[in-house]
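Chemist: Sharing a structure with you now.
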2 protein chains.
Amino acid sequence: MAKPWATFGVDLHLEPSGPGVRRGLTDALREAVRSGRLAPGTRLPSSRSLAADLGIARNTVADAYADLVAEGWLTARQGSGTRVAEGAVPQPPQRPAPARRAPGRPAHSLLPGVPDLASFPRAEWLKAARRALAAAPNDVLGYGDPRGRAELRTALAGYLARARGVRTDPDRIVVCNGFARGLKLLAEVLHARGLRTLAVESYGLDAHWDLVHRTGLATEPLPHDEHGPRVDALGEGGAVLLNPTHQFPLGGALPPGRRAAVVEWARRTGGLILEDDYDGEFRYDRQPVGALQDLDPDHVVYLGTASKSLAPGLRLGWMVLPESLVPEVLDHGGARSVGVLDQLTLAEFLTSGAYDRHVRAARLRYRRRRDALVTALAARAPHVHVTGIAAGLHAVLRLPPGTEQAVVQAAAWQNLAVTGLAHYRHPHTTTSPVDALVVGYGTPSDHTWPTTLEALCRALP
Amino acid sequence: MAKPWATFGVDLHLEPSGPGVRRGLTDALREAVRSGRLAPGTRLPSSRSLAADLGIARNTVADAYADLVAEGWLTARQGSGTRVAEGAVPQPPQRPAPARRAPGRPAHSLLPGVPDLASFPRAEWLKAARRALAAAPNDVLGYGDPRGRAELRTALAGYLARARGVRTDPDRIVVCNGFARGLKLLAEVLHARGLRTLAVESYGLDAHWDLVHRTGLATEPLPHDEHGPRVDALGEGGAVLLNPTHQFPLGGALPPGRRAAVVEWARRTGGLILEDDYDGEFRYDRQPVGALQDLDPDHVVYLGTASKSLAPGLRLGWMVLPESLVPEVLDHGGARSVGVLDQLTLAEFLTSGAYDRHVRAARLRYRRRRDALVTALAARAPHVHVTGIAAGLHAVLRLPPGTEQAVVQAAAWQNLAVTGLAHYRHPHTTTSPVDALVVGYGTPSDHTWPTTLEALCRALP
């Protein structure tokens with residue numbers, strides 16, 4: 001079988017299996033560039049075709065490429081694919097890389113998607129766990145309700161109404177293992193209903209798209225303009241996945257007119273809106289934007305998560321479903337997969353007010369970081385325009401045209417992991433790309449934040 | 001559309017959705033029998049066809065039927081389907097049912113599958129959680145390794161080698177949300193590989209079969225004889241799900257000759273064995289039977305769970321995979337859905353010895369229950385023969401031919417929930433059924449065990 005990468009004279013020496021595949025691929029490609037076997041400017045195969053060829057996951061290849069882009073060995077530009085960076089051979093072959101460029105985790109990270117884990121309220125969480133377990137009857141420890149514990153669903157119904165404007169009763173809430181598991185369940189249900197395509201936004205996470213694809217659904221991005229996704233382009237019926245409150249990664253909120261329009265679309269055509277409200281707790285300029293679900297609880301599935309407000313490691317998420325969807329979701333495995341102790345602890349956290357206290361403190365901390373980011377950029381990088389700053393844990397830094405990849409590479413030389421906007425672009429997106437950096441300012445701990453910000457400033461034009 | 005149940009003059013008044021469907025269906029059928037609209041002896045539609053007709057899950061119908069069988073309104077016999085019980089109208093129409101037959105949970109339960117939840121080591125578990133969280137670095141709270149936390153996989157590798165004879169290193173272990181989630185993942189992987197049928201044993205849990213069916217695989221039972229499943233009937237390649245250590249529900253262990261034969265089959269034909277070791281910790285007569293996986297770690301997936309040894313509510317399970325399967329399983333969602341705090345707590349529980357202490361105490365307690373069961377039956381029900389090896393949390397009571405349904409019904413009148421063997425029979429099984437009761441003696445708490453046993457004895461012939 002012809003292997004496209006073999007044409008580069010690269011022997012990947014890859015074990016076809018095992019969790020070291022990504023590292024193995026990254027190391028092999030790095031060594032191929034370092035040794036000159038892959039010359040500067042060489043175009044690499046698409047992640048899809050290399051993955052198919054090696055019999056590994058496309059994500060693994062994409063991640064390995066992203067690692068190497070972040071390290072400066074490769075460049076990725078819309079329209080020209082992934083190439084070996086010009087001047088990517090930072091030292092002669094065989095000479096060991098200096099420590100600051102050693103393979104492995106960069107010293108600083110502004111990769112979005114993870115909150116400041118150092119601020120997880122460990123002591124409060126353990127206290128809540130102790131109270132919850134002390135109060136729980138024995139049957140809590142059995143298989144239980146497939147929707148999740150009633151205590152948690154009741155607490156969530158109250159919290160979501162108060163904090164996010166979600167209209168629900170506990171019976172329509174299904175607790176799930178984070179957003180990803182909820183999305184997978186919903187994609188399975190939609191596939192079983194006969195749907196074959198899920199409309200998505202033109203920018204998002206390929207991990208989510210891949211997860212949808214594995215259920216047999218294709219994803220097709222909506223066109224977008226400066227106001228967000230063009231919901232008027234939705235067809236008859238079907239389903240759409242949206243971030244109405246805070247688009248990831250672009251950072252905008254869906255304007256009121258489009259919120260109304262998409263709900264009107266769902267009503268008119270029997271469509272379904274999947275509302276991914278991953279960081280709705282964090283809004284800095286005014287009252288949080290309420291959930292879209294409030295406009296029509298019968299046509300919107302609201303998906304929330306504790307991954308940004310507390311920690312991804314908890315694997316706690318929740319879906320608020322139109323009543324007609326509940327039995328189908330339960331048929332496809334429902335929840336019944338979320339550990340009951342975490343469920344009870346979160347319920348106690350919510351009802352005791354500990355959750356609100358934690359979110360308030362986190363909001364203040366992230367807001368200060370965002371302010372520090374804006375101030376530092378105004379002083380140090382006047383060519384960079386910060387957008388999408390009113391909410392969430394990340395900002396988008398608009399860069400001068402044609403500089404995105406160079407900035408990602410420059411950041412890598414500063415030992416800073418950060419991604420460009422191109423990384424989040426759906427492959428079918430046709431709108432012209434813009435150069436930008438997606439900066440997850442929630443990710444560093446408080447004590448690494450100043451040096452991380454300094455590394456970012458040094459990397460910017 | 002013709003509705004078969006409409007021919008019975010039954011108006012189910014069913015909401016087509018919502019978690020109350022099972023209760024709604026149970027209530028509607030009960031009322032139809034009570035009022036005489038469904039006459040004694042009337043054969044009900046199969047759960048499959050009624051489910052299709054009502055647009056609800058087959059499980060929901062099967063569960064409603066099982067509830068009504070347990071309550072004595074219906075009878076279910078192999079070959080003659082589900083019928084309205086003769087003499088099932090215990091009081092004139094309109095008179096309210098006496099409290100002891102009121103809908104709802106029976107006072108006593110010997111339904112298998114749940115350990116004694118009252119003995120869950122709450123204080124020890126919280127202590128372990130505190131120690132684990134205190135020792136954990138911050139990045140534990142992030143998304144982490146899709147196989148699960150390294151601490152837990154390392155602890156499991158050691159424990160499984162020591163207690164179950166499993167041969168593995170931590171890299172081939174994937175932590176999952178209980179057995180069911182692991183089975184679903186594996187079924188998805190097998191389906192993606194092109195498999196369309198999974199061989200299973202002739203008796204098992206329909207919840208597991210249904211879960212496999214939803215991934216697109218059919219299940220086909222192996223013929224069985226008095227020694228267990230006829231593994232010589234396996235075709236070329238494919239995969240088989242087995243309980244080699246303690247068959248559920250029949251209670252036997254796969255004889256050594258068949259253990260060797262099924263492994264030889266897997267090697268010869270490239271087949272895969274899924275070993276469901278749900279209660280391997282509990283063996284009372286001698287040393288535990290080691291896992292089949294030990295015979296060939298490259299052709300056996302070992303699946304274990306904390307559901308019987310600790311509590312189902314934890315939703316903690318683990319798969320030990322042949323190395324070649326790891327990437328595929330991770331591609332299909334891997335673990336990354338199990339809360340990290342429970343993972344770390346279980347790791348601490350295992351390494352501190354608390355798990356072994358708990359299992360030893362539980363083994364002693366369950367063994368005493370089993371002895372009490374055997375003693376009581378010898379004295380009180382000489383026609384009933386206890387079968388199955390001395391292991392696990394359930395026993396099989398062989399009944400005089402033709403009495404199974406009457407005994408289940410008699411138990412319901414004693415306010416005791418218990419299932420007959422017929423409940424666990426795969427619909428394609430051709431071997432003649434035997435009359436037996438499946439008694440989950442692990443389920444009651446210590447203080448309800450004596451009255452539960454007394455209720456059982458009163459129900460037996």
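Chain labels run A, B, ... following the order of the structure tokens; each chain numbers its residues from 1, and ligands are numbered from 1 in the order shown.
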Would you mind listing, as a count of residues only, all residues of chain B that have at least one atom within 8 Å of chain A, where only C-alpha atoms are what counts?
Modeler: 49
Chemist: What lies within 6 Å of range 371-385 of chain B using only C-alpha atoms, ignoring chain neighbours under 5 positions off, as a ChimeraX atom specification?
Modeler: /B:397-399
Chemist: For the residues selected in the previous step, produce a file with all heavy atoms as an mmCIF file, in the first residue's frame.
Modeler:
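What follows is the written file result_17.cif:
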```
data_model
loop_
_atom_site.group_PDB
_atom_site.id
_atom_site.type_symbol
_atom_site.label_atom_id
_atom_site.label_comp_id
_atom_site.auth_asym_id
_atom_site.auth_seq_id
_atom_site.Cartn_x
_atom_site.Cartn_y
_atom_site.Cartn_z
ATOM 1 N N LEU B 397 -32.692 -21.445 42.616
ATOM 2 C CA LEU B 397 -33.499 -22.455 43.310
ATOM 3 C C LEU B 397 -34.279 -23.230 42.259
ATOM 4 O O LEU B 397 -35.221 -22.689 41.656
ATOM 5 C CB LEU B 397 -34.464 -21.766 44.288
ATOM 6 C CG LEU B 397 -33.916 -21.389 45.666
ATOM 7 C CD1 LEU B 397 -32.601 -20.635 45.593
ATOM 8 C CD2 LEU B 397 -34.943 -20.586 46.450
ATOM 9 N N ARG B 398 -33.885 -24.493 42.044
ATOM 10 C CA ARG B 398 -34.623 -25.309 41.075
ATOM 11 C C ARG B 398 -35.959 -25.694 41.689
ATOM 12 O O ARG B 398 -36.028 -26.156 42.834
ATOM 13 C CB ARG B 398 -33.824 -26.574 40.735
ATOM 14 C CG ARG B 398 -32.660 -26.304 39.815
ATOM 15 C CD ARG B 398 -33.149 -25.986 38.394
ATOM 16 N NE ARG B 398 -33.673 -27.154 37.741
ATOM 17 C CZ ARG B 398 -32.965 -28.010 37.010
ATOM 18 N NH1 ARG B 398 -31.665 -27.800 36.834
ATOM 19 N NH2 ARG B 398 -33.531 -29.046 36.446
ATOM 20 N N LEU B 399 -37.012 -25.509 40.907
ATOM 21 C CA LEU B 399 -38.360 -25.751 41.401
ATOM 22 C C LEU B 399 -38.952 -26.956 40.696
ATOM 23 O O LEU B 399 -38.516 -27.338 39.607
ATOM 24 C CB LEU B 399 -39.234 -24.532 41.115
ATOM 25 C CG LEU B 399 -38.769 -23.217 41.752
ATOM 26 C CD1 LEU B 399 -39.576 -22.047 41.191
ATOM 27 C CD2 LEU B 399 -38.911 -23.279 43.267
#
```
Chemist: In range 147-289 of chain B, what's helix (DSSP H, G or I) per DSSP? Answer as an MDAnalysis selection string?
Modeler: chainID B and resid 150:164 170:172 178:192 206:214 231:233 256:269
Chemist: If we count only C-alpha atoms and set the cut-off at 10 Å, which residues sit around Ala155 in chain A, ignoring sequence neighbours fewer than 3 positions away in its own chain? Please answer as a list in words.
Modeler: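 Result of the neighbour search: Ala150, Glu151, Leu152, Gly158, Tyr159, Leu160, Pro170, Leu344, Leu346, Ala347, Glu348, Phe349, Leu350, Thr351 and Ser352 of chain A.
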Chemist: So that I can see what lies close to Leu195 in chain B, please list as a list in words the residues with an atom at most 10 Å from it, counting only C-alpha atoms and leaving out residues fewer than 4 positions away in the same chain.
Modeler: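 Listing them by chain and then by number gives Ala187, Glu188, Val189, Leu190, His191, Gly216, Leu217, Ala218, Gly237, Gly238 and Ala239 of chain B.
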Chemist: Could you please determine the separation between CA of Gln405 in chain B and CA of Thr75 in chain B in Å, to one decimal place?
Modeler: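 Separation between CA of Gln405 in chain B and CA of Thr75 in chain B: 6.3 Å.
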Chemist: So the first atom is CA of Thr430 in chain B and the second is CA of Val300 in chain B; what is the distance between them in Å, to one decimal place?
Modeler: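 According to the coordinates, CA of Thr430 in chain B and CA of Val300 in chain B are separated by 27.0 Å.
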Chemist: Calculated over only C-alpha atoms, which of the candidates A:Val240, A:Val212, A:Val231, A:Leu185 has the smallest distance to Arg258 in chain A?
Modeler: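 With only C-alpha atoms as the atom set, the closest residue is A:Val231.
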Chemist: Can you pull out the residues contacting Asp232 in chain B? Cut-off 10 Å, using only C-alpha atoms, and skip same-chain residues under 5 positions away; I want them as a list in words.
Modeler: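 Residues near the query, excluding close chain neighbours: Leu222, Pro223, Arg258, Ala261, Val262 and Trp265 of chain B.
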Chemist: What does the file look like for those residues with all heavy atoms, as a short mmCIF file (atom, residue, chain, number, x, y, z; two decimals), in the first residue's frame?
Modeler:
```cif
data_model
loop_
_atom_site.label_atom_id
_atom_site.label_comp_id
_atom_site.auth_asym_id
_atom_site.auth_seq_id
_atom_site.Cartn_x
_atom_site.Cartn_y
_atom_site.Cartn_z
N LEU B 222 -25.51 -18.85 22.45
CA LEU B 222 -24.93 -20.18 22.25
C LEU B 222 -25.87 -21.21 22.84
O LEU B 222 -26.53 -20.96 23.85
CB LEU B 222 -23.59 -20.27 23.00
CG LEU B 222 -22.43 -19.45 22.44
CD1 LEU B 222 -21.26 -19.47 23.42
CD2 LEU B 222 -22.01 -20.01 21.09
N PRO B 223 -25.94 -22.41 22.23
CA PRO B 223 -26.67 -23.48 22.92
C PRO B 223 -25.97 -23.78 24.24
O PRO B 223 -24.79 -23.49 24.41
CB PRO B 223 -26.57 -24.65 21.95
CG PRO B 223 -25.48 -24.32 21.00
CD PRO B 223 -25.34 -22.82 20.97
N ARG B 258 -13.76 -26.26 28.66
CA ARG B 258 -14.39 -25.24 27.80
C ARG B 258 -13.65 -23.91 27.86
O ARG B 258 -13.65 -23.16 26.89
CB ARG B 258 -15.87 -25.06 28.19
CG ARG B 258 -16.66 -26.31 27.87
CD ARG B 258 -18.15 -26.11 27.86
NE ARG B 258 -18.78 -27.42 27.67
CZ ARG B 258 -20.09 -27.62 27.66
NH1 ARG B 258 -20.92 -26.62 27.85
NH2 ARG B 258 -20.57 -28.83 27.48
N ALA B 261 -11.07 -24.46 25.45
CA ALA B 261 -11.61 -24.55 24.09
C ALA B 261 -11.97 -23.17 23.53
O ALA B 261 -11.73 -22.88 22.36
CB ALA B 261 -12.84 -25.46 24.08
N VAL B 262 -12.53 -22.32 24.37
CA VAL B 262 -12.95 -21.02 23.84
C VAL B 262 -11.73 -20.14 23.53
O VAL B 262 -11.72 -19.38 22.55
CB VAL B 262 -13.97 -20.32 24.78
CG1 VAL B 262 -13.33 -19.82 26.05
CG2 VAL B 262 -14.67 -19.18 24.05
N TRP B 265 -10.44 -21.40 20.33
CA TRP B 265 -11.28 -20.85 19.25
C TRP B 265 -10.84 -19.44 18.87
O TRP B 265 -10.71 -19.10 17.69
CB TRP B 265 -12.75 -20.85 19.69
CG TRP B 265 -13.62 -19.92 18.89
CD1 TRP B 265 -14.20 -20.16 17.68
CD2 TRP B 265 -13.98 -18.56 19.22
NE1 TRP B 265 -14.88 -19.06 17.24
CE2 TRP B 265 -14.77 -18.06 18.17
CE3 TRP B 265 -13.71 -17.74 20.32
CZ2 TRP B 265 -15.29 -16.78 18.18
CZ3 TRP B 265 -14.22 -16.44 20.32
CH2 TRP B 265 -15.01 -15.98 19.27
#
```
Chemist: Show which residues sit within 10 Å of Arg369 in chain B, as a list in words. Count only C-alpha atoms, and ignore same-chain residues fewer than 5 positions away.
Modeler: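 In the requested format, the answer is Arg363, Leu364, Val374, Thr375, Leu393, Tyr441, Gly442, Asp446, Trp449, Pro450 and Leu453 of chain B.
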Chemist: Write out, as a PDB file, in the first residue's frame, the residues just selected, with N, CA, C and O atoms.
Modeler:
```pdb
ATOM      1  N   ARG B 363     -17.619 -10.759  51.949  1.00  0.00           N
ATOM      2  CA  ARG B 363     -17.634 -12.177  51.584  1.00  0.00           C
ATOM      3  C   ARG B 363     -18.154 -13.016  52.750  1.00  0.00           C
ATOM      4  O   ARG B 363     -18.980 -13.912  52.576  1.00  0.00           O
ATOM      5  N   LEU B 364     -17.684 -12.683  53.931  1.00  0.00           N
ATOM      6  CA  LEU B 364     -18.126 -13.419  55.130  1.00  0.00           C
ATOM      7  C   LEU B 364     -19.633 -13.234  55.341  1.00  0.00           C
ATOM      8  O   LEU B 364     -20.366 -14.185  55.622  1.00  0.00           O
ATOM      9  N   VAL B 374     -29.512 -21.910  52.460  1.00  0.00           N
ATOM     10  CA  VAL B 374     -29.467 -23.352  52.214  1.00  0.00           C
ATOM     11  C   VAL B 374     -30.097 -24.114  53.381  1.00  0.00           C
ATOM     12  O   VAL B 374     -30.899 -25.039  53.191  1.00  0.00           O
ATOM     13  N   THR B 375     -29.758 -23.701  54.589  1.00  0.00           N
ATOM     14  CA  THR B 375     -30.299 -24.371  55.780  1.00  0.00           C
ATOM     15  C   THR B 375     -31.820 -24.223  55.846  1.00  0.00           C
ATOM     16  O   THR B 375     -32.552 -25.191  56.078  1.00  0.00           O
ATOM     17  N   LEU B 393     -23.552 -13.340  44.661  1.00  0.00           N
ATOM     18  CA  LEU B 393     -24.561 -12.767  45.536  1.00  0.00           C
ATOM     19  C   LEU B 393     -25.943 -13.305  45.215  1.00  0.00           C
ATOM     20  O   LEU B 393     -26.937 -12.719  45.606  1.00  0.00           O
ATOM     21  N   TYR B 441     -29.498 -12.907  47.193  1.00  0.00           N
ATOM     22  CA  TYR B 441     -29.480 -12.810  48.661  1.00  0.00           C
ATOM     23  C   TYR B 441     -28.555 -11.701  49.148  1.00  0.00           C
ATOM     24  O   TYR B 441     -28.500 -11.419  50.347  1.00  0.00           O
ATOM     25  N   GLY B 442     -27.837 -11.065  48.235  1.00  0.00           N
ATOM     26  CA  GLY B 442     -27.008  -9.923  48.634  1.00  0.00           C
ATOM     27  C   GLY B 442     -27.821  -8.646  48.805  1.00  0.00           C
ATOM     28  O   GLY B 442     -27.361  -7.708  49.448  1.00  0.00           O
ATOM     29  N   ASP B 446     -28.772  -6.233  56.302  1.00  0.00           N
ATOM     30  CA  ASP B 446     -28.666  -7.262  57.333  1.00  0.00           C
ATOM     31  C   ASP B 446     -29.942  -7.355  58.174  1.00  0.00           C
ATOM     32  O   ASP B 446     -30.391  -8.441  58.517  1.00  0.00           O
ATOM     33  N   TRP B 449     -32.850  -9.033  56.238  1.00  0.00           N
ATOM     34  CA  TRP B 449     -32.580 -10.359  55.675  1.00  0.00           C
ATOM     35  C   TRP B 449     -33.430 -11.457  56.310  1.00  0.00           C
ATOM     36  O   TRP B 449     -34.057 -12.256  55.583  1.00  0.00           O
ATOM     37  N   PRO B 450     -33.537 -11.556  57.642  1.00  0.00           N
ATOM     38  CA  PRO B 450     -34.332 -12.663  58.203  1.00  0.00           C
ATOM     39  C   PRO B 450     -35.798 -12.646  57.751  1.00  0.00           C
ATOM     40  O   PRO B 450     -36.341 -13.698  57.381  1.00  0.00           O
ATOM     41  N   LEU B 453     -36.016 -13.706  54.084  1.00  0.00           N
ATOM     42  CA  LEU B 453     -35.853 -15.153  53.926  1.00  0.00           C
ATOM     43  C   LEU B 453     -37.138 -15.878  54.330  1.00  0.00           C
ATOM     44  O   LEU B 453     -37.569 -16.829  53.675  1.00  0.00           O
TER      45      LEU B 453
END
```
Chemist: Pull the strand (DSSP E) assignments for range 154-211 of chain B out of DSSP run on the backbone, and list those residues as a ChimeraX atom specification.
Modeler: /B:173-176,197-200
Chemist: Ranking B:His213, B:Arg193, B:His428, B:His108 by minimum distance to Glu454 in chain B and counting only C-alpha atoms, which one comes first?
Modeler: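 Residue with the minimum atom-to-atom distance to Glu454 in chain B: B:His108.
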Chemist: So the first atom is CA of Val320 in chain A and the second is CA of Glu281 in chain A; what is the distance between them in Å, to one decimal place?
Modeler: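 CA of Val320 in chain A sits 16.5 Å away from CA of Glu281 in chain A.
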